[in-house]
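Dumped coords20.cif below, it's mmCIF, C-alpha atoms:
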data_my_file
#
loop_
_atom_site.label_atom_id
_atom_site.label_comp_id
_atom_site.auth_asym_id
_atom_site.auth_seq_id
_atom_site.Cartn_x
_atom_site.Cartn_y
_atom_site.Cartn_z
CA MET R 1384 -35.17 201.36 209.26
CA SER R 1385 -35.09 205.13 209.15
CA ARG R 1386 -32.84 207.48 207.22
CA GLU R 1387 -31.47 208.76 210.52
CA THR R 1388 -30.50 205.23 211.52
CA LEU R 1389 -28.54 204.75 208.30
CA LEU R 1390 -26.79 208.10 208.80
CA ASP R 1391 -25.48 206.94 212.20
CA PRO R 1392 -22.06 205.38 211.40
CA SER R 1393 -22.21 202.65 214.04
CA ARG R 1394 -25.73 201.59 213.06
CA ASN R 1395 -24.87 201.80 209.36
CA LEU R 1396 -21.87 199.52 209.93
CA GLU R 1397 -24.07 197.07 211.85
CA VAL R 1398 -26.75 196.97 209.17
CA GLY R 1399 -24.22 196.68 206.33
CA SER R 1400 -22.34 193.89 208.12
CA ARG R 1401 -25.55 191.99 208.74
CA PHE R 1402 -26.54 192.33 205.08
CA LEU R 1403 -23.11 191.14 203.92
CA ALA R 1404 -23.36 188.11 206.24
CA PHE R 1405 -26.78 187.35 204.73
CA LEU R 1406 -25.34 187.57 201.21
CA LEU R 1407 -22.39 185.31 202.05
CA ASP R 1408 -24.83 182.74 203.37
CA HIS R 1409 -27.18 183.19 200.40
CA PHE R 1410 -24.36 182.70 197.87
CA SER R 1411 -22.73 179.79 199.72
CA GLY R 1412 -19.71 181.81 200.81
CA SER R 1413 -18.88 183.23 197.38
CA LEU R 1414 -17.31 186.61 198.09
CA PRO R 1415 -17.48 187.92 194.48
CA LEU R 1416 -21.19 187.12 194.22
CA SER R 1417 -21.82 188.65 197.64
CA ILE R 1418 -20.01 191.84 196.63
CA ALA R 1419 -22.12 192.11 193.47
CA GLY R 1420 -25.25 191.39 195.53
CA TYR R 1421 -24.32 194.08 198.04
CA ASN R 1422 -24.36 196.62 195.22
CA ALA R 1423 -27.16 195.35 192.97
CA GLY R 1424 -29.24 193.22 195.35
CA GLU R 1425 -29.34 189.46 195.67
CA SER R 1426 -32.28 189.03 193.28
CA ALA R 1427 -30.31 190.63 190.43
CA VAL R 1428 -27.35 188.30 191.04
CA ASP R 1429 -29.73 185.31 191.29
CA ARG R 1430 -31.17 186.27 187.89
CA TRP R 1431 -27.68 186.62 186.34
CA LEU R 1432 -26.70 183.22 187.75
CA ARG R 1433 -29.77 181.64 186.15
CA GLU R 1434 -28.89 183.31 182.84
CA ARG R 1435 -25.09 182.91 182.86
CA GLY R 1436 -24.17 180.66 185.78
CA ASN R 1437 -22.20 178.36 183.46
CA LEU R 1438 -19.46 180.99 182.97
CA GLU R 1439 -16.20 181.20 184.87
CA LEU R 1440 -16.03 183.95 187.50
CA ASP R 1441 -14.02 186.43 185.43
CA GLU R 1442 -16.38 186.09 182.47
CA PHE R 1443 -19.40 186.32 184.76
CA LEU R 1444 -18.14 189.57 186.30
CA GLU R 1445 -17.49 191.07 182.86
CA THR R 1446 -21.06 190.28 181.77
CA ILE R 1447 -22.78 191.98 184.70
CA PRO R 1448 -25.22 194.25 182.85
CA TYR R 1449 -25.09 197.10 185.40
CA ASP R 1450 -21.98 199.22 184.78
CA GLU R 1451 -21.93 200.43 188.39
CA THR R 1452 -22.12 196.91 189.83
CA ARG R 1453 -19.60 195.45 187.36
CA ASN R 1454 -17.07 198.18 188.16
CA TYR R 1455 -17.82 198.13 191.91
CA SER R 1456 -17.34 194.34 192.11
CA LYS R 1457 -14.00 194.44 190.32
CA ARG R 1458 -12.79 197.44 192.35
CA VAL R 1459 -13.71 195.86 195.71
CA LEU R 1460 -12.06 192.54 194.77
CA ALA R 1461 -8.92 194.34 193.57
CA SER R 1462 -8.77 196.32 196.82
CA MET R 1463 -9.21 193.15 198.86
CA PHE R 1464 -6.26 191.54 197.09
CA ALA R 1465 -4.09 194.65 197.42
CA TYR R 1466 -4.76 195.04 201.16
CA SER R 1467 -4.28 191.33 201.73
CA TRP R 1468 -0.89 191.53 200.01
CA LEU R 1469 0.08 194.54 202.11
CA TYR R 1470 -1.14 193.38 205.52
CA GLN R 1471 -1.40 189.57 205.58
CA HIS R 1472 2.21 188.50 205.24
CA ASP R 1473 1.49 184.85 206.08
CA HIS R 1474 -1.19 184.59 203.31
CA PRO R 1475 -0.64 187.57 201.02
CA VAL R 1476 -2.97 186.45 198.23
CA PRO R 1477 -6.36 184.99 199.21
CA ALA R 1478 -7.51 181.94 197.28
CA LEU R 1479 -10.37 182.65 194.91
CA SER R 1480 -12.19 180.03 192.92
CA PHE R 1481 -12.99 180.96 189.33
CA SER R 1482 -15.87 178.49 189.28
CA LEU R 1483 -19.26 179.82 190.22
CA PRO R 1484 -21.20 177.79 192.79
CA LYS R 1485 -22.94 174.94 190.99
CA THR R 1486 -25.71 174.63 193.54
CA GLU R 1487 -28.87 176.71 193.50
CA THR R 1488 -28.91 179.72 195.74
CA LYS R 1489 -30.79 179.20 198.98
CA LYS R 1490 -33.66 181.38 197.72
CA GLU R 1491 -34.35 178.94 194.85
CA LYS R 1492 -34.33 175.77 196.97
#

Same coordinates, now as structure tokens:
Amino acid sequence: MSRETLLDPSRNLEVGSRFLAFLLDHFSGSLPLSIAGYNAGESAVDRWLRERGNLELDEFLETIPYDETRNYSKRVLASMFAYSWLYQHDHPVPALSFSLPKTETKKEK
């Protein structure tokens, strides 16, 4: 992967989408964990889950030790809810579980 490739909008979108799909699979479909992993990397989120995986989602997000990732995760989730409310009239508020996945991430299995 070259810098030029990442600066090409269509290639950047393709690579980012592929990475997000990987994270969703890695975190068993958990969007909040995938968002945090997109910003900080999946190994950081895996480590935080080992350390604090017993917390509810809101507490877990507040204890993310990287300010940038904590703020990014909350901002992206808030934007998702706002745009869903504006544009998905049949399901304006997506369901979100506050329980973290109880299973190990695929990397640990």

Completion exercise
Nearest to Lys1457 of chain R, restricted to only C-alpha atoms and choosing among R:Tyr1470, R:Trp1431, R:Phe1410, R:Phe1443, comes out as R:Phe1443

Practice task
Step by step: start from the point (-29.8, 187.5, 202.5) in the file's coordinates, keep every protein, DNA or RNA residue that has an atom no farther than 10 Å from it, count only C-alpha atoms, and write the set as a ChimeraX atom specification.
Solution key: /R:1401-1410,1417,1420-1421,1424-1426,1489-1490

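Interatomic distance, atom CA of Asn1454 of chain R against atom CA of Ser1413 of chain R: 17.7 Å.
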
Exercise for the section: Check which residues satisfy the PyMOL selection byres ((chain R and resi 1436-1438) around 12) in the file shown, then give them as a PyMOL selection string. Expected result: chain R and resi 1416+1428-1435+1439-1447+1481-1488

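Pairwise distance (atom CA of Asn1422 of chain R, atom CA of Thr1452 of chain R) equals 5.8 Å.
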
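Relative to atom CA of Pro1415 of chain R, atom CA of Val1476 of chain R is found at 15.1 Å.
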
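Using all atoms listed in the file, the nearest neighbour of Leu1460 of chain R within the list R:Ala1478, R:Ala1427, R:Leu1396, R:Leu1390 is R:Ala1478.
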
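Nearest to Pro1475 of chain R of all the residues R:Pro1448, R:Met1463, R:Ser1411, R:Ala1423 is R:Met1463, counting only C-alpha atoms.
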